[in-house]
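Participant: Take this structure, written in structure tokens, and hold onto it; I'll ask about it next.
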Amino acid sequence: MGDMQTVTSRSPTREELLSELANTRRRTRDLITSLPEEALNVPYHRGVNPPLWEMGHAAFFYEVFVFNLLDGTPSIDPSMDDLWDSFHVDHQDRWCRELFPGREATLRYFETVYDRLEERIRARPLSEQERYLYRYGIFHQNMHVESLIWCRQTVGYPAPGSCLLARTAPGEPGGGDAEIPGGRWLIGMPGNSEYFATDDFAFDNEKPRFEIELPAFAISKLAVSRGEFLAFVEDGGYQKPELWSFGGRRWLDTETDVALVHGCREPMLRTPRHPLYWRWHDSQWQERVFDQWQPLELEAPVLHVSYWEAEAWCNWAGRRLPTEFEWEVAALGNRPETPFRRFPWGNEAPTEVRADLDGGAMARNPVYDYPAGDSAFGCRQMIGSTWEWTSSQFFPYDGFKVDMYPFMSTLQFGDHKVTRGGSCATSSCLIRGTYRQAYLPQRNDVYTGFRTCAL
């Protein structure tokens with residue numbers, strides 16, 4: 001393939017790896033230790049894990065893919081291997097506290113693994129394989145940093161310390177569609193690259209890179225806002241079955257327990273009539289942000305909506321969801337024979353003026369903020385704020401090869417939908433424009449929103 005690589009590829013230095021590791025260590029530890037002991041026993045919910053299990057699982061991942069794989073070193077406690085492994089312990093069994101060590105023992109295990117990892121990075125030569133494995137482990141743990149944040153939202157705990165709710169990059173109201181010309185475009189990351197541990201690091205579902213021919217299309221420059229979605233709610237959108245697909249109508253008619261949303265001990269079975277964390281209260285629409293009910297931020301992107309809700313809103317508005325390839329083209333605009341962009345703005349790392357990431361503003365700012373993060377076509381907030389639903393099923397690209405972690409993608413192929421772009425809770429070190437996140441279409445507990453295309 002003739003796509004041009006950047007000519008200044010550079011491996012992260014030892015100190016940069018250690019800094020990334022230390023930041024991940026600190027964020028994980030803070031998300032655990034900022035909760036009192038009793039709060040670690042979170043109520044059961046299919047969309048979250050107990051915080052202590054998340055911490056132990058992330059540390060165990062380093063044991064498997066660094067110490068076991070590279071050094072042949074056995075686990076610190078082999079009797080725990082199956083319990084820390086997400087594919088050997090059933091989801092509900094993770095709530096059996098008698099199976100797992102307590103808070104202090106789990107923290108000791110976590111710190112021991114991190115100390116050993118830091119010592120290994122400092123003392124050993126850095127081969128490309130080792131750089132790759134270190135980064136893979138760090139990025140895997142940052143996925144769990146995001147899930148620890150949405151766990152707090154799910155169970156109604158206080159916001160994490162990273163949550164500043166500051167408006168760091170104001171923009172001017174605008175909108176409309178970006179007109180994307182037809183032609184050939186590049187999608188994904190290289191399947192075989194000498195920079196696999198550095199510039200071209202990617203997970204298996206992003207590879208191998210390929211060319212695609214797309215017709216011209218028009219995509220909204222801004223994500224759908226809470227106010228725009230509220231118009232659909234107040235127009236009775238949830239009561240109009242003609243707006244919903246078969247799968248959407250089935251979801252719409254299914255009662256779910258929303259007791260956690262409202263802080264109730266007894267089950268509250270409800271069918272959806274508005275986004276999960278909204279309520280009509282004291283003559284106004286409110287939404288729950290962690291443990292606080294707040295007035296709806298009408299100009300901010302809509303959050304916590306399922307694929308079915310996004311699809312129904314599109315039918316109501318006379319729009320459609322983009323395919324994942326349209327989304328990537330609008331975000332990155334990569335063509336054959338041109339320098340490859342990993343972010344809408346180029347190849348520089350995300351910053352707080354380009355994107356809402358790292359559990360900072362938590363998608364409370366207007367959809368027109370962060371102008372410095374615009375794509376070449378003028379599309380805004382395509383990195384951060386919300387994972388954006390696309391119409392695409394999550395399938396492997398042609399030529400897909402299973403990565404070192406065989407379950408990174410394979411268990412989601414077929415029945416999940418693709419979201420793109422990262423969310424307000426996603427770590428800035430993890431995200432890029434080619435990143436594909438798979439969610440089941442009914443998920444509305446995670447940080448999902450959407451933007452639309454013209455019909």
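Chain labels A, B, ... are given in the sequence in which chains occur in the structure tokens; within each chain residues are numbered consecutively from 1, and ligands are likewise numbered from 1 in the order shown.
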Mind dumping a table of every region 151-216 of chain A residue within 6 Å of region 342-359 of chain A, with the nearest atom pair and its distance in Å to one decimal, using only C-alpha atoms, sorted by chain and rising number, as JSON lines?
Facilitator:
{"residue": "A:Ser162", "atom": "CA", "partner": "A:Gly359", "partner_atom": "CA", "distance": 5.6}
{"residue": "A:Cys163", "atom": "CA", "partner": "A:Gly359", "partner_atom": "CA", "distance": 5.5}
{"residue": "A:Ala169", "atom": "CA", "partner": "A:Val353", "partner_atom": "CA", "distance": 5.0}
Participant: So that I can see what lies close to region 380-387 of chain A, please list as a VMD selection string the residues with an atom at most 6 Å from it, counting only C-alpha atoms and leaving out residues fewer than 3 positions away in the same chain.
Facilitator: chain A and resid 221 to 222 355 to 357 363 374 419 to 424 447 to 449
Participant: Can I get the residues of region 145-254 of chain A within 8 Å of region 289-312 of chain A, each with the closest pair of atoms and their distance in Å to one decimal, using only C-alpha atoms, sorted chain first then ascending number, as JSON lines?
Facilitator:
{"residue": "A:Arg152", "atom": "CA", "partner": "A:Phe290", "partner_atom": "CA", "distance": 6.2}
{"residue": "A:Gln153", "atom": "CA", "partner": "A:Phe290", "partner_atom": "CA", "distance": 4.4}
{"residue": "A:Thr154", "atom": "CA", "partner": "A:Phe290", "partner_atom": "CA", "distance": 7.5}
{"residue": "A:Val155", "atom": "CA", "partner": "A:Phe290", "partner_atom": "CA", "distance": 7.9}
{"residue": "A:Gly156", "atom": "CA", "partner": "A:Asp291", "partner_atom": "CA", "distance": 4.5}
{"residue": "A:Tyr157", "atom": "CA", "partner": "A:Asp291", "partner_atom": "CA", "distance": 5.1}
{"residue": "A:Pro158", "atom": "CA", "partner": "A:Asp291", "partner_atom": "CA", "distance": 5.2}
{"residue": "A:Ala159", "atom": "CA", "partner": "A:Phe290", "partner_atom": "CA", "distance": 5.5}
{"residue": "A:Ala223", "atom": "CA", "partner": "A:Pro301", "partner_atom": "CA", "distance": 6.1}
{"residue": "A:Val224", "atom": "CA", "partner": "A:Pro301", "partner_atom": "CA", "distance": 5.7}
{"residue": "A:Ser225", "atom": "CA", "partner": "A:Pro301", "partner_atom": "CA", "distance": 4.0}
{"residue": "A:Arg226", "atom": "CA", "partner": "A:Val302", "partner_atom": "CA", "distance": 4.3}
{"residue": "A:Gly227", "atom": "CA", "partner": "A:Leu298", "partner_atom": "CA", "distance": 4.2}
{"residue": "A:Glu228", "atom": "CA", "partner": "A:Leu298", "partner_atom": "CA", "distance": 7.7}
{"residue": "A:Phe229", "atom": "CA", "partner": "A:Val302", "partner_atom": "CA", "distance": 6.9}
{"residue": "A:Gly237", "atom": "CA", "partner": "A:Ala312", "partner_atom": "CA", "distance": 7.7}
{"residue": "A:Leu243", "atom": "CA", "partner": "A:Ala312", "partner_atom": "CA", "distance": 5.2}
{"residue": "A:Trp244", "atom": "CA", "partner": "A:Ala312", "partner_atom": "CA", "distance": 5.1}
{"residue": "A:Ser245", "atom": "CA", "partner": "A:Ala312", "partner_atom": "CA", "distance": 7.5}
{"residue": "A:Gly247", "atom": "CA", "partner": "A:Trp308", "partner_atom": "CA", "distance": 7.3}
{"residue": "A:Gly248", "atom": "CA", "partner": "A:Trp308", "partner_atom": "CA", "distance": 4.8}
{"residue": "A:Trp251", "atom": "CA", "partner": "A:Trp308", "partner_atom": "CA", "distance": 7.5}
Participant: Using only C-alpha atoms, pick whichever of A:Pro74, A:Pro406, A:Pro173, A:Pro190 has the shortest atom-to-atom distance to Thr434 (chain A).
Facilitator: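 Of all the options, A:Pro190 lies closest to Thr434 (chain A).
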Participant: Running DSSP on the backbone, which parts of region 11-160 of chain A land in helix (DSSP H, G or I), as a PyMOL selection string?
Facilitator: chain A and resi 14-33+37-40+51-71+78-84+92-95+97-99+103-123+128-155
Participant: Go through A:Arg319, A:His57, A:Arg120, A:Lys417 and flag the residue nearest Asp81 (chain A), using only C-alpha atoms for the distances.
Facilitator: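 The shortest atom-to-atom distance to Asp81 (chain A) comes from A:His57.
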Participant: As a list in words, please: all residues of region 242-335 of chain A that backbone DSSP puts in strand (DSSP E or B).
Facilitator: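 Assigned to strand (DSSP E or B), within region 242-335 of chain A: Thr256, Asp257, Leu269, Arg270, Trp278, Arg279, Trp280, His281, Gln284, Trp285, Gln286, Glu287, Arg288, Val289, Gln292, Trp293, Gln294, Pro295, Pro301, Arg319 and Arg320 of chain A.
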Participant: Write the selection just made, keeping C-alpha atoms, as a PDB file, in the first residue's frame?
Facilitator:
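Output saved as result.pdb:
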ATOM      1  CA  THR A 256     -35.261  -2.453  33.225  1.00  0.00           C
ATOM      2  CA  ASP A 257     -34.454  -1.805  36.861  1.00  0.00           C
ATOM      3  CA  LEU A 269     -38.879  -1.522  36.771  1.00  0.00           C
ATOM      4  CA  ARG A 270     -39.461   1.002  34.008  1.00  0.00           C
ATOM      5  CA  TRP A 278     -32.847  12.235  33.133  1.00  0.00           C
ATOM      6  CA  ARG A 279     -35.896  13.096  35.212  1.00  0.00           C
ATOM      7  CA  TRP A 280     -38.660  15.699  35.273  1.00  0.00           C
ATOM      8  CA  HIS A 281     -38.494  17.240  38.726  1.00  0.00           C
ATOM      9  CA  GLN A 284     -37.634  21.226  35.068  1.00  0.00           C
ATOM     10  CA  TRP A 285     -35.614  18.539  33.322  1.00  0.00           C
ATOM     11  CA  GLN A 286     -32.655  17.359  35.353  1.00  0.00           C
ATOM     12  CA  GLU A 287     -29.910  14.791  34.902  1.00  0.00           C
ATOM     13  CA  ARG A 288     -27.834  12.899  37.417  1.00  0.00           C
ATOM     14  CA  VAL A 289     -24.100  13.612  37.196  1.00  0.00           C
ATOM     15  CA  GLN A 292     -25.855  15.079  42.020  1.00  0.00           C
ATOM     16  CA  TRP A 293     -29.096  15.912  40.197  1.00  0.00           C
ATOM     17  CA  GLN A 294     -28.447  19.016  38.113  1.00  0.00           C
ATOM     18  CA  PRO A 295     -30.422  21.072  35.585  1.00  0.00           C
ATOM     19  CA  PRO A 301     -23.751  16.760  23.976  1.00  0.00           C
ATOM     20  CA  ARG A 319     -31.269  12.182   9.399  1.00  0.00           C
ATOM     21  CA  ARG A 320     -29.167   9.024   9.695  1.00  0.00           C
TER      22      ARG A 320
END
Participant: What is the distance between CA of Thr271 (chain A) and CA of Asp93 (chain A), in Å to one decimal?
Facilitator: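 CA of Thr271 (chain A) sits 27.9 Å away from CA of Asp93 (chain A).
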Participant: In Å, rounded to a single decimal, give me how far CA of Glu63 (chain A) is from CA of Pro43 (chain A).
Facilitator: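 Value for the CA of Pro43 (chain A)-CA of Glu63 (chain A) distance: 28.6 Å.
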